[in-house]
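Enquirer: Okay, handing you the structure first.
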Amino acid sequence: MDTSFVNSHLRRSVKVLFPIVPLQVYVENTGIGTQRMFRIIVEKMDMQNLVQIRLTEEMDHSRMFISTIDNAGYERIRVEQSLHVTFQGFIDHLIKILDSCKRNELHLALINENDGQKLQIFEKSSFKNLTHLFLEMEKASTEAVLFHINQTLQVLQEQRIAHSAQIHQYSHEIDNKNDMIDKLKSDMRALNEKVVEQENLIFNRNTEEISRLHQTIKHLTEGKDLEEKRYKAVINGMQEKIDQITVRMAHEAKRLETIREENIALRSQNTQLREETDRMKVDLSAHKNREYRADASLIELKRHLCELQGKMKTIEKQRSELEAELEAEKNICQTKKHALQLTTDELAHASSVINNLNKENMKLKSKIDLRTEIAMRQEKMLQEKEKKLMELSNTIAAIQQEHIRNRTTNEEYAQTVKRIKETTDVIEEKYRRKINDMILKISGNQHTEAVSVLGHHNKQEE
């Protein structure tokens, strides 16, 4: 199975999961255990479930142990060691375990058994070592050992070539640095000579400068005495001015205290004025709200007035219709009266017409009942009109009360309402008078017809 990892063509598909790391491995040999350094590497064939763990002794590369695990091999390990992960999970956990071995948290042991070698990964404990994993290891074939040694030699050869190139580069850099050092040394010698010359020049110049400074200091000392005398006179004058300023500052402090008290009083007055201004603003907003409500009430009154005017027009139209109906009823009554007169004349001349008159009388009675019902309906309509007029009166009274509350701004509307009320009273009185006259006329006609019919009937019987 390990031929896949020693094939030069298939080697291109090999991916290194755990790079070469030297680790200590406990090796058991004929009952004697020793610690040896082994190089461990974990490789995986790309796109395949095939992984190989390779142990190579640090001091003897020919001693190599290999464990190649595929799906079938992992299934056997999973069943024997009661693992609960997939093949990929096993690989991830194996890498984590080897990282723990690098940190000396876990340890490795190569155990000899009858059927070969086993790699044990365990955790040391004071009571008992806890084994995490067993892996069957087999000794690598000569071909595999030579292949991997060859791979190692190639890597070492490449490293040697790279190191030779680096050594050559470092040698070239060292030669350049030596040349630079020689050049810098010659520059340093030239600079030292220049420094000595500069030091001599500077010493001479400093000597001359020091002599000049001594003379200057002498002149300054003499001037200093004169300046001290002058400054003392100035200080005395300044002291007198300071005393005067102190007295003035005391007066100013008193005046400032007075100004501070006045400022406190002004602040209290300012606070009172601000509170008064806030109250004035609140009163102004309340006054504006009242004006707004008064405007709204005025608009509502105008709307009510328009509605009342519309209702007055409707009442006037209904009154005209009722007058027309009354006039028609009056004409009908006149016609009936004329018919009854003709009937009375006919009853006086011929008794044969009495039966027809009786029938006509029955018809007239039914008509009288009908007219009575009409009169009752008209009376009911009159009552409804009176209710409406009462509602109008109540509305007018409410409008009047609202106008009284807003008398200063609504005097003109109060006069209009008064005229409307007077007109309504006149119309109501006129309408009630006409209805009463109509009812009296209807009642009088019915009584007259009944009396005339009874009189003719009595005369016929005599």
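Each chain of the structure tokens is named A, B, ... in the order shown, its residues numbered from 1; ligands are numbered from 1 in display order.
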Can you pull out every residue within 12 Å of Phe5 in chain A, counting only C-alpha atoms, but drop anything in the same chain fewer than 6 positions away, and send it as a list in words?
Expert: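 In the requested form, the answer reads Arg11, Arg12, Ser13, Val14, Lys15, Val16, Val42, Glu43, Lys44, Met45, Asp46, Leu50, Val51, Gln52, Ile53, Arg54, Ile66, Ser67, Thr68, Ala140, Glu143, Ala144, Val145, Phe147, His148 and Gln151 of chain A.
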Enquirer: Between CA of Ile40 in chain A and CA of Glu58 in chain A, what is the distance in Å, rounded to a tenth?
Expert: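 The value is 9.8 Å.
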Enquirer: Would you mind reading off the distance between CA of Ile121 in chain A and CA of His84 in chain A, one decimal, in Å?
Expert: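 It comes out at 17.4 Å.
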Enquirer: How would you write, as a PyMOL selection string, the set of residues in range 99-221 of chain A that DSSP gives as helix (DSSP H, G or I)?
Expert: chain A and resi 99-102+142-221
Enquirer: Between CA of Glu379 in chain A and CA of Ile435 in chain A, what distance in Å does the model show, to one decimal?
Expert: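 Interatomic distance, CA of Glu379 in chain A to CA of Ile435 in chain A: 8.1 Å.
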Enquirer: Mind checking which residues fall within 12 Å of Lys102 in chain A, counting only C-alpha atoms, ignoring those fewer than 3 positions away in the same chain, and posting them as a PyMOL selection string?
Expert: chain A and resi 18-25+39-40+95-99+105-108
Enquirer: The selected residues should be written to file as an mmCIF file, in the first residue's frame (atoms: C-alpha atoms).
Expert:
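Result went into again34.cif, see below:
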```cif
data_model
loop_
_atom_site.group_PDB
_atom_site.id
_atom_site.type_symbol
_atom_site.label_atom_id
_atom_site.label_comp_id
_atom_site.auth_asym_id
_atom_site.auth_seq_id
_atom_site.Cartn_x
_atom_site.Cartn_y
_atom_site.Cartn_z
ATOM 1 C CA PHE A 18 2.188 17.344 9.595
ATOM 2 C CA PRO A 19 5.691 18.484 8.552
ATOM 3 C CA ILE A 20 8.876 16.728 9.702
ATOM 4 C CA VAL A 21 9.332 17.291 13.433
ATOM 5 C CA PRO A 22 11.835 15.488 15.697
ATOM 6 C CA LEU A 23 10.051 13.985 18.703
ATOM 7 C CA GLN A 24 11.152 11.749 21.543
ATOM 8 C CA VAL A 25 9.790 8.189 21.231
ATOM 9 C CA ARG A 39 11.413 12.349 12.798
ATOM 10 C CA ILE A 40 7.648 12.108 12.308
ATOM 11 C CA ILE A 95 -2.791 16.182 13.784
ATOM 12 C CA LYS A 96 -4.046 17.699 17.071
ATOM 13 C CA ILE A 97 -2.586 14.741 19.011
ATOM 14 C CA LEU A 98 0.813 15.155 17.333
ATOM 15 C CA ASP A 99 0.733 18.900 18.125
ATOM 16 C CA GLU A 105 1.371 17.106 26.694
ATOM 17 C CA LEU A 106 1.171 13.610 25.137
ATOM 18 C CA HIS A 107 3.930 11.039 24.571
ATOM 19 C CA LEU A 108 4.868 8.420 21.944
#
```
